[in-house]
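Below is one structure; the comments refer to it alone.
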Amino acid sequence: MSVPLRYPFFTFLGISTYRYGILPTFVLLNTILYGSVPVPILAIFGIGTFGIGMSKVPSYEMLGIPKHEEAPTTPPHPLSPMGDACTRVDLTAIHQILVMTHYKDDEGTNELSFQEWTQQMRDMLEARKHGDLAFRDKDFRTAIDCYSQFIDVGTMISRTVYARRSLCHLMCDQPDAALRDAMQAQCVYPDWSTAFYMQAVALAKLDMHKDAVDMLNEAATLEDKKRPK
């Protein structure tokens, strides 16, 4: 059964044929009734179907509307203060948390022998100390330089230093470098949720939002595993 294409019929539906014309109006009608437009109908209006086949054309394509993609889901687990700050990409809150945490997460990971306490070692620790002071005072470029001196020596490997330098890079609008440092923190300690959170923030700054949500979910899952049951 065919639908007669008479203007009064479309006017009755409240669709302006003057504004839309016959074909777009028919497309709108079919969208309302069926959600798509059969290709044979296009041939009635002189639109070739070669190479298209006899399938239906989605209505959003006919109307020039981009296909809607579902927004990525947020982490299902209860978030820690760090997780909440990273979800909101609140760099100031992240900075406050890292200052308060200090090097608690590094405890027990860098036991040094007496022979290793050389002048180079003392210089390296002094560089980290200056970096910590600069980090606390929000002098992020100085902190990057000091933390880089500490990292370049390589005698001690600190996931906290990588996380702190990652935030410094974010504060200096360097998300690529921030992402690299966050990944290095993960390499040092693969199950450290802070490393994943920092990667999520860097990815969000790089407009890689789906990957950022994946990292947030991974970090939240790691935190959930460590909670007392």
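In the structure tokens, the first chain shown is A, the next is B, and so on; residue numbers restart at 1 for each chain, and ligands run from 1 in the order shown.
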
Pull the closest atom pair for each residue of stretch 139-176 of chain A that gets at most 8 Å from stretch 180-190 of chain A, along with the distance in Å to one decimal, counting only C-alpha atoms, ordering rows by chain and then ascending residue number, as a Markdown table.
```
| residue | atom | partner | partner_atom | distance |
| --- | --- | --- | --- | --- |
| A:Ile157 | CA | A:Val188 | CA | 7.4 |
| A:Ser158 | CA | A:Val188 | CA | 7.5 |
| A:Arg159 | CA | A:Ala185 | CA | 4.6 |
| A:Thr160 | CA | A:Ala185 | CA | 7.3 |
| A:Tyr162 | CA | A:Asp181 | CA | 5.3 |
| A:Ala163 | CA | A:Ala182 | CA | 5.8 |
| A:Arg165 | CA | A:Asp181 | CA | 6.9 |
| A:Ser166 | CA | A:Asp181 | CA | 5.2 |
| A:Asp176 | CA | A:Arg180 | CA | 6.5 |
```

Surrounding residues of stretch 144-152 of chain A excluding itself and chain neighbours under 5 positions, 12 Å, only C-alpha atoms, as a PyMOL selection string:
chain A and resi 120-135+138-139+157-172+174+177-178+181+184-185

Expected file contents, prior selection, C-alpha atoms, as a PDB file, in the first residue's frame:
```
ATOM      1  CA  GLN A 120      76.446  10.983  44.520  1.00  0.00           C
ATOM      2  CA  MET A 121      73.698   9.445  46.622  1.00  0.00           C
ATOM      3  CA  ARG A 122      73.617  12.409  48.955  1.00  0.00           C
ATOM      4  CA  ASP A 123      73.467  14.779  45.984  1.00  0.00           C
ATOM      5  CA  MET A 124      70.584  12.802  44.510  1.00  0.00           C
ATOM      6  CA  LEU A 125      68.596  12.923  47.734  1.00  0.00           C
ATOM      7  CA  GLU A 126      69.327  16.631  48.020  1.00  0.00           C
ATOM      8  CA  ALA A 127      67.916  17.131  44.523  1.00  0.00           C
ATOM      9  CA  ARG A 128      64.758  15.278  45.537  1.00  0.00           C
ATOM     10  CA  LYS A 129      64.489  17.379  48.691  1.00  0.00           C
ATOM     11  CA  HIS A 130      64.675  20.589  46.651  1.00  0.00           C
ATOM     12  CA  GLY A 131      62.115  19.121  44.259  1.00  0.00           C
ATOM     13  CA  ASP A 132      59.769  18.384  47.157  1.00  0.00           C
ATOM     14  CA  LEU A 133      60.042  21.949  48.438  1.00  0.00           C
ATOM     15  CA  ALA A 134      59.370  23.344  44.971  1.00  0.00           C
ATOM     16  CA  PHE A 135      56.456  20.943  44.533  1.00  0.00           C
ATOM     17  CA  LYS A 138      53.804  25.060  43.438  1.00  0.00           C
ATOM     18  CA  ASP A 139      57.018  25.967  41.630  1.00  0.00           C
ATOM     19  CA  ILE A 157      63.562   4.387  41.752  1.00  0.00           C
ATOM     20  CA  SER A 158      60.556   6.129  43.236  1.00  0.00           C
ATOM     21  CA  ARG A 159      57.017   5.762  41.937  1.00  0.00           C
ATOM     22  CA  THR A 160      56.048   8.824  43.988  1.00  0.00           C
ATOM     23  CA  VAL A 161      58.622  10.981  42.226  1.00  0.00           C
ATOM     24  CA  TYR A 162      57.234   9.880  38.863  1.00  0.00           C
ATOM     25  CA  ALA A 163      53.687  10.677  39.994  1.00  0.00           C
ATOM     26  CA  ARG A 164      54.748  14.073  41.293  1.00  0.00           C
ATOM     27  CA  ARG A 165      56.653  14.928  38.141  1.00  0.00           C
ATOM     28  CA  SER A 166      53.635  13.766  36.116  1.00  0.00           C
ATOM     29  CA  LEU A 167      51.443  16.301  37.909  1.00  0.00           C
ATOM     30  CA  CYS A 168      54.109  18.985  37.413  1.00  0.00           C
ATOM     31  CA  HIS A 169      53.958  18.343  33.672  1.00  0.00           C
ATOM     32  CA  LEU A 170      50.157  18.642  33.756  1.00  0.00           C
ATOM     33  CA  MET A 171      50.431  21.930  35.616  1.00  0.00           C
ATOM     34  CA  CYS A 172      52.815  23.141  32.899  1.00  0.00           C
ATOM     35  CA  GLN A 174      52.577  19.081  29.048  1.00  0.00           C
ATOM     36  CA  ALA A 177      55.195  14.060  29.291  1.00  0.00           C
ATOM     37  CA  ALA A 178      52.725  13.624  32.155  1.00  0.00           C
ATOM     38  CA  ASP A 181      55.752   9.632  33.825  1.00  0.00           C
ATOM     39  CA  GLN A 184      56.746   4.859  34.415  1.00  0.00           C
ATOM     40  CA  ALA A 185      55.147   4.920  37.856  1.00  0.00           C
TER      41      ALA A 185
END
```
